[in-house]
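What follows is the content of run02.cif (mmCIF, C-alpha atoms).
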```
data_upload
loop_
_atom_site.group_PDB
_atom_site.id
_atom_site.type_symbol
_atom_site.label_atom_id
_atom_site.label_comp_id
_atom_site.auth_asym_id
_atom_site.auth_seq_id
_atom_site.Cartn_x
_atom_site.Cartn_y
_atom_site.Cartn_z
ATOM 1 C CA MET A 787 -146.218 42.528 -10.331
ATOM 2 C CA SER A 788 -145.764 38.789 -10.222
ATOM 3 C CA LYS A 789 -145.486 37.232 -6.768
ATOM 4 C CA THR A 790 -144.511 33.723 -5.914
ATOM 5 C CA PHE A 791 -145.361 32.573 -2.427
ATOM 6 C CA ARG A 792 -142.715 30.088 -1.517
ATOM 7 C CA VAL A 793 -139.936 30.145 1.055
ATOM 8 C CA SER A 794 -137.509 27.285 1.227
ATOM 9 C CA PRO A 795 -136.260 26.368 4.737
ATOM 10 C CA PRO A 796 -132.650 27.568 4.196
ATOM 11 C CA ALA A 797 -133.908 30.911 2.913
ATOM 12 C CA GLN A 798 -136.147 31.515 5.904
ATOM 13 C CA THR A 799 -133.253 32.581 8.063
ATOM 14 C CA HIS A 800 -132.647 35.520 5.721
ATOM 15 C CA TYR A 801 -136.218 36.770 5.662
ATOM 16 C CA ARG A 802 -137.366 39.527 7.950
ATOM 17 C CA VAL A 803 -140.924 40.596 8.619
ATOM 18 C CA LEU A 804 -141.165 44.361 8.164
ATOM 19 C CA ASP A 805 -142.889 46.041 11.091
ATOM 20 C CA ALA A 806 -141.267 49.468 11.140
ATOM 21 C CA THR A 807 -144.535 51.373 11.510
ATOM 22 C CA ARG A 808 -145.443 49.958 14.943
ATOM 23 C CA THR A 809 -144.391 51.793 18.059
ATOM 24 C CA THR A 810 -141.746 50.274 20.306
ATOM 25 C CA GLN A 811 -144.238 50.165 23.159
ATOM 26 C CA ALA A 812 -146.786 48.266 21.048
ATOM 27 C CA LYS A 813 -144.137 45.759 19.954
ATOM 28 C CA ALA A 814 -143.017 45.175 23.532
ATOM 29 C CA THR A 815 -146.604 44.738 24.765
ATOM 30 C CA ALA A 816 -147.367 42.295 21.944
ATOM 31 C CA ARG A 817 -144.142 40.341 22.535
ATOM 32 C CA ALA A 818 -144.857 39.986 26.255
ATOM 33 C CA ALA A 819 -148.444 38.853 25.596
ATOM 34 C CA LEU A 820 -147.290 36.278 23.044
ATOM 35 C CA GLU A 821 -144.689 34.895 25.428
ATOM 36 C CA LYS A 822 -147.319 34.598 28.136
ATOM 37 C CA ALA A 823 -149.689 32.861 25.699
ATOM 38 C CA ARG A 824 -146.952 30.447 24.589
ATOM 39 C CA ALA A 825 -146.093 29.594 28.173
ATOM 40 C CA SER A 826 -149.711 28.814 28.955
ATOM 41 C CA GLN A 827 -150.143 26.497 25.947
ATOM 42 C CA ARG A 828 -149.321 22.859 26.427
ATOM 43 C CA ALA A 829 -146.991 21.272 23.898
ATOM 44 C CA GLU A 830 -148.868 19.381 21.198
ATOM 45 C CA ALA A 831 -146.040 17.142 20.055
ATOM 46 C CA VAL A 832 -142.390 16.283 20.469
ATOM 47 C CA HIS A 833 -140.583 15.503 17.212
ATOM 48 C CA VAL A 834 -137.535 13.325 16.604
ATOM 49 C CA THR A 835 -135.813 14.472 13.422
ATOM 50 C CA LYS A 836 -132.530 13.761 11.655
ATOM 51 C CA ARG A 837 -129.895 16.458 11.734
ATOM 52 C CA ASP A 838 -126.405 16.567 10.236
ATOM 53 C CA THR A 839 -124.980 16.175 13.724
ATOM 54 C CA GLY A 840 -127.301 13.413 14.942
ATOM 55 C CA TRP A 841 -130.952 13.132 15.986
ATOM 56 C CA ALA A 842 -132.829 16.090 17.437
ATOM 57 C CA VAL A 843 -135.582 16.138 20.059
ATOM 58 C CA LYS A 844 -137.708 19.187 19.383
ATOM 59 C CA THR A 845 -140.922 20.362 20.980
ATOM 60 C CA GLU A 846 -143.385 21.623 18.410
ATOM 61 C CA GLY A 847 -143.486 25.404 18.261
ATOM 62 C CA ARG A 848 -140.083 25.918 19.856
ATOM 63 C CA ALA A 849 -137.385 27.576 17.781
ATOM 64 C CA ARG A 850 -134.572 25.290 18.978
ATOM 65 C CA ALA A 851 -134.188 21.595 19.630
ATOM 66 C CA ALA A 852 -134.137 20.522 23.280
ATOM 67 C CA GLU A 853 -131.204 18.235 22.549
ATOM 68 C CA VAL A 854 -129.321 16.553 19.714
ATOM 69 C CA VAL A 855 -127.965 13.060 20.379
ATOM 70 C CA LYS A 856 -125.903 10.571 18.380
ATOM 71 C CA THR A 857 -128.452 7.776 17.917
ATOM 72 C CA LYS A 858 -132.103 7.761 17.025
ATOM 73 C CA GLN A 859 -132.910 5.380 19.880
ATOM 74 C CA LYS A 860 -131.524 7.790 22.466
ATOM 75 C CA ALA A 861 -133.493 10.633 20.888
ATOM 76 C CA VAL A 862 -136.703 8.587 20.862
ATOM 77 C CA ASP A 863 -136.228 7.628 24.528
ATOM 78 C CA ALA A 864 -135.694 11.261 25.534
ATOM 79 C CA ALA A 865 -138.602 12.441 23.396
ATOM 80 C CA ARG A 866 -140.899 9.752 24.802
ATOM 81 C CA ALA A 867 -140.132 10.808 28.367
ATOM 82 C CA LYS A 868 -140.686 14.454 27.485
ATOM 83 C CA ALA A 869 -143.942 13.756 25.619
ATOM 84 C CA ALA A 870 -145.269 11.597 28.469
ATOM 85 C CA ARG A 871 -144.411 14.303 30.981
ATOM 86 C CA ASP A 872 -146.127 17.043 28.914
ATOM 87 C CA GLY A 873 -149.072 14.935 27.777
ATOM 88 C CA ALA A 874 -147.934 15.490 24.178
ATOM 89 C CA ARG A 875 -147.680 13.223 21.133
ATOM 90 C CA LEU A 876 -144.381 11.665 20.061
ATOM 91 C CA ILE A 877 -143.725 12.019 16.341
ATOM 92 C CA GLU A 878 -140.768 10.093 14.923
ATOM 93 C CA HIS A 879 -139.395 11.115 11.535
ATOM 94 C CA GLY A 880 -137.206 9.006 9.275
ATOM 95 C CA ALA A 881 -133.889 10.164 7.861
ATOM 96 C CA ASP A 882 -135.822 11.456 4.830
ATOM 97 C CA GLY A 883 -137.999 13.658 7.047
ATOM 98 C CA LYS A 884 -141.189 11.625 6.597
ATOM 99 C CA ILE A 885 -143.192 10.696 9.679
ATOM 100 C CA VAL A 886 -142.685 7.017 10.497
ATOM 101 C CA ARG A 887 -144.540 6.820 13.833
ATOM 102 C CA ASN A 888 -147.030 8.996 15.650
ATOM 103 C CA THR A 889 -147.864 7.838 19.179
ATOM 104 C CA LYS A 890 -149.155 9.197 22.463
ATOM 105 C CA PRO A 891 -146.864 7.920 25.242
ATOM 106 C CA ARG A 892 -148.529 7.221 28.559
ATOM 107 C CA ARG A 893 -147.457 9.033 31.637
ATOM 108 C CA GLU A 894 -145.723 6.567 33.932
ATOM 109 C CA ALA A 895 -147.278 6.099 37.355
ATOM 110 C CA MET B 1482 -146.590 20.818 -0.902
ATOM 111 C CA TRP B 1483 -148.862 21.364 2.104
ATOM 112 C CA THR B 1484 -148.820 19.056 5.092
ATOM 113 C CA TRP B 1485 -151.169 18.806 8.044
ATOM 114 C CA ALA B 1486 -148.180 18.815 10.409
ATOM 115 C CA GLY B 1487 -147.008 22.153 8.992
ATOM 116 C CA GLN B 1488 -150.520 23.544 9.088
ATOM 117 C CA ARG B 1489 -150.953 22.443 12.714
ATOM 118 C CA GLN B 1490 -147.742 24.224 13.658
ATOM 119 C CA TRP B 1491 -149.038 27.425 12.111
ATOM 120 C CA ARG B 1492 -152.411 26.968 13.782
ATOM 121 C CA GLN B 1493 -150.635 26.785 17.126
ATOM 122 C CA ARG B 1494 -148.977 30.175 16.514
ATOM 123 C CA LEU B 1495 -152.362 31.638 15.560
ATOM 124 C CA VAL B 1496 -154.022 30.195 18.667
ATOM 125 C CA GLU B 1497 -151.335 31.927 20.727
ATOM 126 C CA ALA B 1498 -152.034 35.185 18.881
ATOM 127 C CA VAL B 1499 -155.731 34.933 19.755
ATOM 128 C CA SER B 1500 -154.913 34.257 23.386
ATOM 129 C CA ALA B 1501 -152.457 37.188 23.476
ATOM 130 C CA ALA B 1502 -154.962 39.511 21.776
ATOM 131 C CA LYS B 1503 -157.584 38.797 24.422
ATOM 132 C CA ASP B 1504 -154.962 39.519 27.033
ATOM 133 C CA ILE B 1505 -153.960 42.963 25.779
ATOM 134 C CA ALA B 1506 -156.904 44.418 23.859
ATOM 135 C CA LYS B 1507 -159.955 45.574 25.785
ATOM 136 C CA SER B 1508 -162.057 45.484 22.636
ATOM 137 C CA VAL B 1509 -161.721 41.709 22.171
ATOM 138 C CA LYS B 1510 -161.417 40.578 25.788
ATOM 139 C CA GLY B 1511 -163.799 37.679 26.366
ATOM 140 C CA ASP B 1512 -164.671 37.420 22.666
ATOM 141 C CA SER B 1513 -165.095 33.687 22.120
ATOM 142 C CA SER B 1514 -165.538 34.158 18.374
ATOM 143 C CA LEU B 1515 -162.126 35.817 17.917
ATOM 144 C CA THR B 1516 -160.092 34.025 15.254
ATOM 145 C CA ALA B 1517 -156.715 34.688 13.654
ATOM 146 C CA GLY B 1518 -155.695 33.550 10.203
ATOM 147 C CA PHE B 1519 -153.499 34.028 7.188
ATOM 148 C CA TYR B 1520 -154.213 34.660 3.522
ATOM 149 C CA GLY B 1521 -151.164 34.023 1.348
ATOM 150 C CA ILE B 1522 -150.836 35.401 -2.164
ATOM 151 C CA ALA B 1523 -150.500 32.653 -4.733
ATOM 152 C CA SER B 1524 -148.611 32.923 -8.021
ATOM 153 C CA ASP B 1525 -151.940 33.223 -9.864
ATOM 154 C CA GLY B 1526 -152.748 36.435 -7.960
ATOM 155 C CA TYR B 1527 -155.326 34.915 -5.645
ATOM 156 C CA LEU B 1528 -155.259 35.408 -1.884
ATOM 157 C CA THR B 1529 -155.791 31.964 -0.431
ATOM 158 C CA ASN B 1530 -156.855 31.305 3.140
ATOM 159 C CA HIS B 1531 -154.105 28.915 4.201
ATOM 160 C CA VAL B 1532 -154.802 28.461 7.888
ATOM 161 C CA THR B 1533 -156.750 29.889 10.805
ATOM 162 C CA SER B 1534 -156.615 29.382 14.542
ATOM 163 C CA ARG B 1535 -159.595 27.020 14.114
ATOM 164 C CA THR B 1536 -158.352 24.955 11.171
ATOM 165 C CA ARG B 1537 -158.945 21.227 11.640
ATOM 166 C CA GLN B 1538 -157.466 18.340 9.725
ATOM 167 C CA VAL B 1539 -160.837 17.690 8.082
ATOM 168 C CA ASP B 1540 -160.719 21.198 6.589
ATOM 169 C CA GLY B 1541 -157.937 19.961 4.310
ATOM 170 C CA THR B 1542 -160.562 18.136 2.269
ATOM 171 C CA ARG B 1543 -162.543 21.338 1.719
ATOM 172 C CA SER B 1544 -161.726 23.997 -0.819
ATOM 173 C CA ARG B 1545 -159.830 26.929 0.642
ATOM 174 C CA ARG B 1546 -161.302 30.393 0.490
ATOM 175 C CA ARG B 1547 -159.726 32.391 -2.309
ATOM 176 C CA LEU B 1548 -159.965 36.111 -3.061
ATOM 177 C CA LEU B 1549 -158.764 37.763 -6.211
ATOM 178 C CA GLY B 1550 -156.075 39.897 -4.611
ATOM 179 C CA GLU B 1551 -154.789 41.700 -7.669
ATOM 180 C CA SER B 1552 -158.000 42.647 -9.415
ATOM 181 C CA ASP B 1553 -159.018 46.316 -9.660
ATOM 182 C CA GLU B 1554 -161.708 45.661 -7.081
ATOM 183 C CA PRO B 1555 -160.236 43.279 -4.521
ATOM 184 C CA TRP B 1556 -162.676 41.164 -2.598
ATOM 185 C CA GLY B 1557 -163.338 42.305 0.922
ATOM 186 C CA ALA B 1558 -161.059 43.647 3.618
ATOM 187 C CA ALA B 1559 -158.249 41.153 3.039
ATOM 188 C CA GLY B 1560 -158.106 42.124 -0.613
ATOM 189 C CA TYR B 1561 -158.122 45.834 0.228
ATOM 190 C CA ALA B 1562 -155.385 45.374 2.813
ATOM 191 C CA TYR B 1563 -153.259 43.439 0.355
ATOM 192 C CA ALA B 1564 -153.787 45.900 -2.486
ATOM 193 C CA ALA B 1565 -153.358 49.043 -0.383
ATOM 194 C CA GLY B 1566 -150.519 47.651 1.723
ATOM 195 C CA VAL B 1567 -151.995 49.081 4.907
ATOM 196 C CA ALA B 1568 -153.881 47.655 7.866
ATOM 197 C CA ILE B 1569 -157.635 47.773 7.419
ATOM 198 C CA ALA B 1570 -160.308 47.268 10.065
ATOM 199 C CA SER B 1571 -163.748 46.531 8.739
ATOM 200 C CA SER B 1572 -167.115 46.053 10.334
ATOM 201 C CA SER B 1573 -170.279 45.292 8.504
ATOM 202 C CA SER B 1574 -173.684 43.901 9.136
ATOM 203 C CA GLY B 1575 -172.826 41.072 6.759
ATOM 204 C CA PRO B 1576 -169.698 38.995 6.373
ATOM 205 C CA ALA B 1577 -166.864 41.484 6.464
ATOM 206 C CA PHE B 1578 -164.695 39.587 4.052
ATOM 207 C CA ASP B 1579 -167.333 39.692 1.378
ATOM 208 C CA ARG B 1580 -167.986 43.257 0.450
ATOM 209 C CA ASN B 1581 -167.600 43.556 -3.316
ATOM 210 C CA VAL B 1582 -168.116 39.858 -3.848
ATOM 211 C CA PRO B 1583 -170.483 39.024 -6.702
ATOM 212 C CA GLU B 1584 -173.798 38.022 -5.152
ATOM 213 C CA LYS B 1585 -173.817 34.596 -6.786
ATOM 214 C CA ASP B 1586 -170.407 33.740 -5.290
ATOM 215 C CA LEU B 1587 -171.411 35.155 -1.917
ATOM 216 C CA LEU B 1588 -174.567 33.040 -1.739
ATOM 217 C CA ALA B 1589 -172.645 29.918 -2.757
ATOM 218 C CA TRP B 1590 -170.026 30.560 -0.072
ATOM 219 C CA GLN B 1591 -172.604 31.295 2.618
ATOM 220 C CA ALA B 1592 -174.434 28.070 1.763
ATOM 221 C CA GLU B 1593 -171.156 26.157 2.028
ATOM 222 C CA ARG B 1594 -170.302 27.732 5.391
ATOM 223 C CA SER B 1595 -173.818 27.132 6.652
ATOM 224 C CA ALA B 1596 -173.593 23.448 5.711
ATOM 225 C CA GLN B 1597 -170.365 23.261 7.723
ATOM 226 C CA SER B 1598 -171.947 25.080 10.707
ATOM 227 C CA ARG B 1599 -169.352 27.841 10.424
ATOM 228 C CA LEU B 1600 -170.702 31.369 10.706
ATOM 229 C CA PRO B 1601 -169.048 34.217 8.789
ATOM 230 C CA ALA B 1602 -167.159 37.026 10.514
ATOM 231 C CA ALA B 1603 -168.759 40.398 11.152
ATOM 232 C CA SER B 1604 -165.544 42.346 11.867
ATOM 233 C CA VAL B 1605 -161.992 41.937 10.659
ATOM 234 C CA LEU B 1606 -158.636 43.575 11.210
ATOM 235 C CA CYS B 1607 -156.358 42.850 8.252
ATOM 236 C CA VAL B 1608 -152.619 43.573 8.164
ATOM 237 C CA PRO B 1609 -150.547 43.015 5.014
ATOM 238 C CA MET B 1610 -147.377 41.040 5.666
ATOM 239 C CA TRP B 1611 -144.210 42.383 4.117
ATOM 240 C CA LEU B 1612 -141.027 40.374 3.983
ATOM 241 C CA LYS B 1613 -137.608 41.755 3.252
ATOM 242 C CA TYR B 1614 -135.221 39.444 1.466
ATOM 243 C CA LYS B 1615 -132.025 40.530 -0.308
ATOM 244 C CA ARG B 1616 -132.990 44.214 -0.007
ATOM 245 C CA GLU B 1617 -136.348 43.663 -1.643
ATOM 246 C CA ALA B 1618 -139.635 44.043 0.184
ATOM 247 C CA THR B 1619 -142.492 41.840 -0.966
ATOM 248 C CA CYS B 1620 -146.051 41.615 0.273
ATOM 249 C CA VAL B 1621 -146.723 37.914 0.717
ATOM 250 C CA GLY B 1622 -150.240 38.029 2.063
ATOM 251 C CA VAL B 1623 -152.521 39.212 4.834
ATOM 252 C CA MET B 1624 -152.746 38.241 8.486
ATOM 253 C CA TYR B 1625 -156.031 38.937 10.194
ATOM 254 C CA PHE B 1626 -158.103 38.817 13.330
ATOM 255 C CA SER B 1627 -161.791 38.241 12.766
ATOM 256 C CA SER B 1628 -164.800 38.247 15.046
ATOM 257 C CA ARG B 1629 -168.477 37.544 14.780
ATOM 258 C CA ARG B 1630 -169.064 40.592 16.963
ATOM 259 C CA PRO B 1631 -169.866 43.721 14.887
ATOM 260 C CA GLY B 1632 -167.518 46.576 15.760
ATOM 261 C CA ALA B 1633 -164.964 44.352 17.505
ATOM 262 C CA PHE B 1634 -162.077 46.340 16.032
ATOM 263 C CA ASP B 1635 -163.664 49.794 16.092
ATOM 264 C CA ASP B 1636 -161.674 50.780 19.177
ATOM 265 C CA THR B 1637 -158.513 52.128 17.575
ATOM 266 C CA GLU B 1638 -156.716 52.415 20.921
ATOM 267 C CA ASP B 1639 -155.515 48.805 20.690
ATOM 268 C CA ASP B 1640 -154.761 48.767 16.972
ATOM 269 C CA ASP B 1641 -150.990 49.065 17.228
ATOM 270 C CA GLU B 1642 -150.758 46.205 19.724
ATOM 271 C CA LEU B 1643 -153.034 43.947 17.676
ATOM 272 C CA GLU B 1644 -151.168 44.720 14.460
ATOM 273 C CA SER B 1645 -147.844 44.069 16.151
ATOM 274 C CA LEU B 1646 -149.211 40.776 17.448
ATOM 275 C CA LEU B 1647 -149.963 39.756 13.862
ATOM 276 C CA ASP B 1648 -146.468 40.833 12.711
ATOM 277 C CA GLN B 1649 -144.782 38.826 15.427
ATOM 278 C CA THR B 1650 -147.047 35.832 14.927
ATOM 279 C CA PHE B 1651 -146.197 35.758 11.238
ATOM 280 C CA ALA B 1652 -142.492 36.056 12.053
ATOM 281 C CA ALA B 1653 -142.853 33.034 14.369
ATOM 282 C CA MET B 1654 -144.765 31.126 11.700
ATOM 283 C CA ILE B 1655 -142.047 31.429 9.077
ATOM 284 C CA ASP B 1656 -139.271 30.916 11.598
ATOM 285 C CA GLY B 1657 -140.088 27.236 12.040
ATOM 286 C CA GLU B 1658 -138.499 24.299 10.313
ATOM 287 C CA ARG B 1659 -141.273 24.108 7.759
ATOM 288 C CA GLY B 1660 -141.615 26.296 4.674
ATOM 289 C CA LEU B 1661 -144.584 28.516 4.037
ATOM 290 C CA LEU B 1662 -146.162 25.755 2.017
ATOM 291 C CA GLY B 1663 -145.317 22.978 4.446
ATOM 292 C CA ARG B 1664 -142.137 20.988 4.724
ATOM 293 C CA SER B 1665 -140.320 20.950 1.405
#
```
Would you put the structure from the file into structure tokens?
Amino acid sequence: MSKTFRVSPPAQTHYRVLDATRTTQAKATARAALEKARASQRAEAVHVTKRDTGWAVKTEGRARAAEVVKTKQKAVDAARAKAARDGARLIEHGADGKIVRNTKPRREA
Amino acid sequence: MWTWAGQRQWRQRLVEAVSAAKDIAKSVKGDSSLTAGFYGIASDGYLTNHVTSRTRQVDGTRSRRRLLGESDEPWGAAGYAYAAGVAIASSSSGPAFDRNVPEKDLLAWQAERSAQSRLPAASVLCVPMWLKYKREATCVGVMYFSSRRPGAFDDTEDDDELESLLDQTFAAMIDGERGLLGRS
């Protein structure tokens, strides 16, 4: 059987990981432990990326953007404040998705 | 295309899985050598170690570990798990991933790991990852926990929780903005 290991971003939303054999209790225990682990991890980076509706500020590892604003400058300002607060890196992407700047904002005194 | 940013995002999910595993499974509590990782199946039939919870950027310059997943005698526990489609826990006195590996290849790999100061695992728990897309189920690779402690996964009481952790971690990995092979 030939297998190709590639999932394009639009297709990801239609994929589902099959886990039917696990018990409900095991799934719930695992989910709770993962949520606890996620909460205890500090954010590594805050990304500013182009969306159809504007510019998104998204913390790495989160499923959804924190906010989407009209201009890139507003998004960068919000992301910088968030990154400084969390001790995370600020990663700015261009409209083509490529990283244009990767900085570590200082926490303001 | 593989990017370090995409790999780092996956590593973060795997780090969380390790932390969660230590939280819920008595058998791995306090195990500082516990690692989680993912072998993906490539179009040439090889299982390729894409990322682990300890992957560093410098690892991108090194060759990735590859197992022949579709041969009659798959290499090690990851190969067995992939071929059999079931979770497999394996403990051995040697590197658990390397049962059935030709001795020449094993020695070469051990020398490479030794030069990088990375010790091989003694126990692994491998779970094949199945995805359903358009009514078709496909095995896309193997998620695993590994430990340098022999017998780390012998306690079957926690198996379901650990396997579910790997399922949910993989779901979180492919749910991001980046594709399985990095941002495309």
> Could you spell out the hits of the PyMOL selection byres ((chain A and resi 861) around 12) on the shown file, as a PyMOL selection string?
Replying inline: chain A and resi 832-837+840-844+851-860+862-869+876-879
Only C-alpha atoms, please: the residues just picked out, written as a CSV table (one decimal), in the frame of the given file.
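Listing of out.csv after writing:
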```csv
chain,number,residue,atom,x,y,z
A,832,VAL,CA,-142.4,16.3,20.5
A,833,HIS,CA,-140.6,15.5,17.2
A,834,VAL,CA,-137.5,13.3,16.6
A,835,THR,CA,-135.8,14.5,13.4
A,836,LYS,CA,-132.5,13.8,11.7
A,837,ARG,CA,-129.9,16.5,11.7
A,840,GLY,CA,-127.3,13.4,14.9
A,841,TRP,CA,-131.0,13.1,16.0
A,842,ALA,CA,-132.8,16.1,17.4
A,843,VAL,CA,-135.6,16.1,20.1
A,844,LYS,CA,-137.7,19.2,19.4
A,851,ALA,CA,-134.2,21.6,19.6
A,852,ALA,CA,-134.1,20.5,23.3
A,853,GLU,CA,-131.2,18.2,22.5
A,854,VAL,CA,-129.3,16.6,19.7
A,855,VAL,CA,-128.0,13.1,20.4
A,856,LYS,CA,-125.9,10.6,18.4
A,857,THR,CA,-128.5,7.8,17.9
A,858,LYS,CA,-132.1,7.8,17.0
A,859,GLN,CA,-132.9,5.4,19.9
A,860,LYS,CA,-131.5,7.8,22.5
A,862,VAL,CA,-136.7,8.6,20.9
A,863,ASP,CA,-136.2,7.6,24.5
A,864,ALA,CA,-135.7,11.3,25.5
A,865,ALA,CA,-138.6,12.4,23.4
A,866,ARG,CA,-140.9,9.8,24.8
A,867,ALA,CA,-140.1,10.8,28.4
A,868,LYS,CA,-140.7,14.5,27.5
A,869,ALA,CA,-143.9,13.8,25.6
A,876,LEU,CA,-144.4,11.7,20.1
A,877,ILE,CA,-143.7,12.0,16.3
A,878,GLU,CA,-140.8,10.1,14.9
A,879,HIS,CA,-139.4,11.1,11.5
```
Kindly assemble as CSV a list of the chain B residues that lie within 6 Å of chain A, each paired with its nearest atom pair and their distance in Å to one decimal, using only C-alpha atoms, sorted first by chain and then by ascending residue number.
```
residue,atom,partner,partner_atom,distance
B:Glu1497,CA,A:Ala823,CA,5.3
B:Ser1500,CA,A:Ala823,CA,5.9
B:Ala1501,CA,A:Ala819,CA,4.8
B:Ala1523,CA,A:Phe791,CA,5.6
B:Ser1524,CA,A:Thr790,CA,4.7
B:Trp1611,CA,A:Leu804,CA,5.4
B:Leu1612,CA,A:Val803,CA,4.6
B:Lys1613,CA,A:Arg802,CA,5.2
B:Tyr1614,CA,A:Tyr801,CA,5.1
B:Asp1641,CA,A:Ala812,CA,5.7
B:Glu1642,CA,A:Ala812,CA,4.7
B:Ser1645,CA,A:Lys813,CA,5.6
B:Leu1646,CA,A:Ala816,CA,5.1
B:Ala1652,CA,A:Val803,CA,5.9
B:Gly1660,CA,A:Pro795,CA,5.4
B:Leu1661,CA,A:Val793,CA,5.8
```
>> Using Å and a single decimal, report how far atom CA of A:Thr845 sits from atom CA of A:Ala870.
In response: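 Between atom CA of A:Ala870 and atom CA of A:Thr845 the gap is 12.3 Å.
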>> At a cut-off of 9 Å, using all atoms listed in the file, what residues contact B:Tyr1625? Leave out same-chain residues fewer than 2 positions from it and give the result as a PyMOL selection string.
In response: chain B and resi 1516-1520+1559+1605-1609+1623+1627+1644+1647
> Could you work out how far atom CA of B:Ser1513 lies from atom CA of B:Arg1594, giving the answer in Å with one decimal?
Replying inline: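 Straight-line distance from atom CA of B:Arg1594 to atom CA of B:Ser1513 works out to 18.5 Å.
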Could you put an axis-aligned box around every listed atom of stretch 1633-1651 of chain B, padded by 5 Å on each side, and send me its centre and edge lengths in Å to one decimal, as AutoDock Vina command-line options?
```
--center_x -154.9 --center_y 44.1 --center_z 16.1 --size_x 30.2 --size_y 26.7 --size_z 19.7
```
>> I need the output of the PyMOL selection byres ((chain B and resi 1494) around 8) for this file as a list of chain:residue names; which residues are they?
In response: A:Gly847, B:Gln1490, B:Trp1491, B:Arg1492, B:Gln1493, B:Leu1495, B:Val1496, B:Glu1497, B:Ala1498, B:Ser1534, B:Thr1650, B:Ala1653, B:Met1654
> In Å, how far is it from atom CA of B:Glu1593 to atom CA of B:Ser1514?
Replying inline: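 For atom CA of B:Glu1593 relative to atom CA of B:Ser1514, the distance reads 19.0 Å.
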Stretch 1536-1551 of chain B: which residues within 7 Å, counting all atoms listed in the file, same-chain residues fewer than 2 positions away excluded, as a PDB file with C-alpha atoms, keeping the file's coordinate frame?
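Below is the file that was written, result23.pdb:
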```
ATOM      1  CA  TRP B1485    -151.169  18.806   8.044  1.00  0.00           C
ATOM      2  CA  ARG B1492    -152.411  26.968  13.782  1.00  0.00           C
ATOM      3  CA  GLY B1526    -152.748  36.435  -7.960  1.00  0.00           C
ATOM      4  CA  TYR B1527    -155.326  34.915  -5.645  1.00  0.00           C
ATOM      5  CA  LEU B1528    -155.259  35.408  -1.884  1.00  0.00           C
ATOM      6  CA  THR B1529    -155.791  31.964  -0.431  1.00  0.00           C
ATOM      7  CA  ASN B1530    -156.855  31.305   3.140  1.00  0.00           C
ATOM      8  CA  VAL B1532    -154.802  28.461   7.888  1.00  0.00           C
ATOM      9  CA  THR B1533    -156.750  29.889  10.805  1.00  0.00           C
ATOM     10  CA  SER B1534    -156.615  29.382  14.542  1.00  0.00           C
ATOM     11  CA  ASP B1553    -159.018  46.316  -9.660  1.00  0.00           C
ATOM     12  CA  PRO B1555    -160.236  43.279  -4.521  1.00  0.00           C
ATOM     13  CA  TRP B1556    -162.676  41.164  -2.598  1.00  0.00           C
ATOM     14  CA  GLY B1560    -158.106  42.124  -0.613  1.00  0.00           C
ATOM     15  CA  TYR B1563    -153.259  43.439   0.355  1.00  0.00           C
ATOM     16  CA  ALA B1564    -153.787  45.900  -2.486  1.00  0.00           C
TER      17      ALA B1564
END
```
Take stretch 826-836 of chain A from the preceding structure and save N, CA and C atoms as a PDB file, in the first residue's frame.
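Saved to part.pdb:
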```
ATOM      1  N   SER A 826       0.964  25.139  32.329  1.00  0.00           N
ATOM      2  CA  SER A 826       2.196  25.371  33.093  1.00  0.00           C
ATOM      3  C   SER A 826       3.372  25.763  32.199  1.00  0.00           C
ATOM      4  N   GLN A 827       3.221  25.573  30.880  1.00  0.00           N
ATOM      5  CA  GLN A 827       4.312  25.929  29.960  1.00  0.00           C
ATOM      6  C   GLN A 827       4.229  27.410  29.612  1.00  0.00           C
ATOM      7  N   ARG A 828       5.356  28.053  29.607  1.00  0.00           N
ATOM      8  CA  ARG A 828       5.359  29.455  29.178  1.00  0.00           C
ATOM      9  C   ARG A 828       5.356  29.520  27.663  1.00  0.00           C
ATOM     10  N   ALA A 829       4.728  30.547  27.122  1.00  0.00           N
ATOM     11  CA  ALA A 829       4.690  30.711  25.669  1.00  0.00           C
ATOM     12  C   ALA A 829       6.100  30.924  25.147  1.00  0.00           C
ATOM     13  N   GLU A 830       6.420  30.284  24.027  1.00  0.00           N
ATOM     14  CA  GLU A 830       7.748  30.455  23.439  1.00  0.00           C
ATOM     15  C   GLU A 830       7.797  31.654  22.493  1.00  0.00           C
ATOM     16  N   ALA A 831       6.691  31.912  21.814  1.00  0.00           N
ATOM     17  CA  ALA A 831       6.718  32.996  20.832  1.00  0.00           C
ATOM     18  C   ALA A 831       5.315  33.491  20.522  1.00  0.00           C
ATOM     19  N   VAL A 832       5.254  34.760  20.143  1.00  0.00           N
ATOM     20  CA  VAL A 832       3.998  35.341  19.676  1.00  0.00           C
ATOM     21  C   VAL A 832       4.214  35.712  18.208  1.00  0.00           C
ATOM     22  N   HIS A 833       3.341  35.210  17.343  1.00  0.00           N
ATOM     23  CA  HIS A 833       3.504  35.434  15.904  1.00  0.00           C
ATOM     24  C   HIS A 833       2.545  36.507  15.393  1.00  0.00           C
ATOM     25  N   VAL A 834       3.018  37.287  14.430  1.00  0.00           N
ATOM     26  CA  VAL A 834       2.154  38.223  13.714  1.00  0.00           C
ATOM     27  C   VAL A 834       2.074  37.723  12.276  1.00  0.00           C
ATOM     28  N   THR A 835       0.891  37.298  11.868  1.00  0.00           N
ATOM     29  CA  THR A 835       0.747  36.719  10.526  1.00  0.00           C
ATOM     30  C   THR A 835      -0.402  37.374   9.760  1.00  0.00           C
ATOM     31  N   LYS A 836      -0.281  37.340   8.440  1.00  0.00           N
ATOM     32  CA  LYS A 836      -1.315  37.936   7.580  1.00  0.00           C
ATOM     33  C   LYS A 836      -2.508  36.983   7.476  1.00  0.00           C
TER      34      LYS A 836
END
```
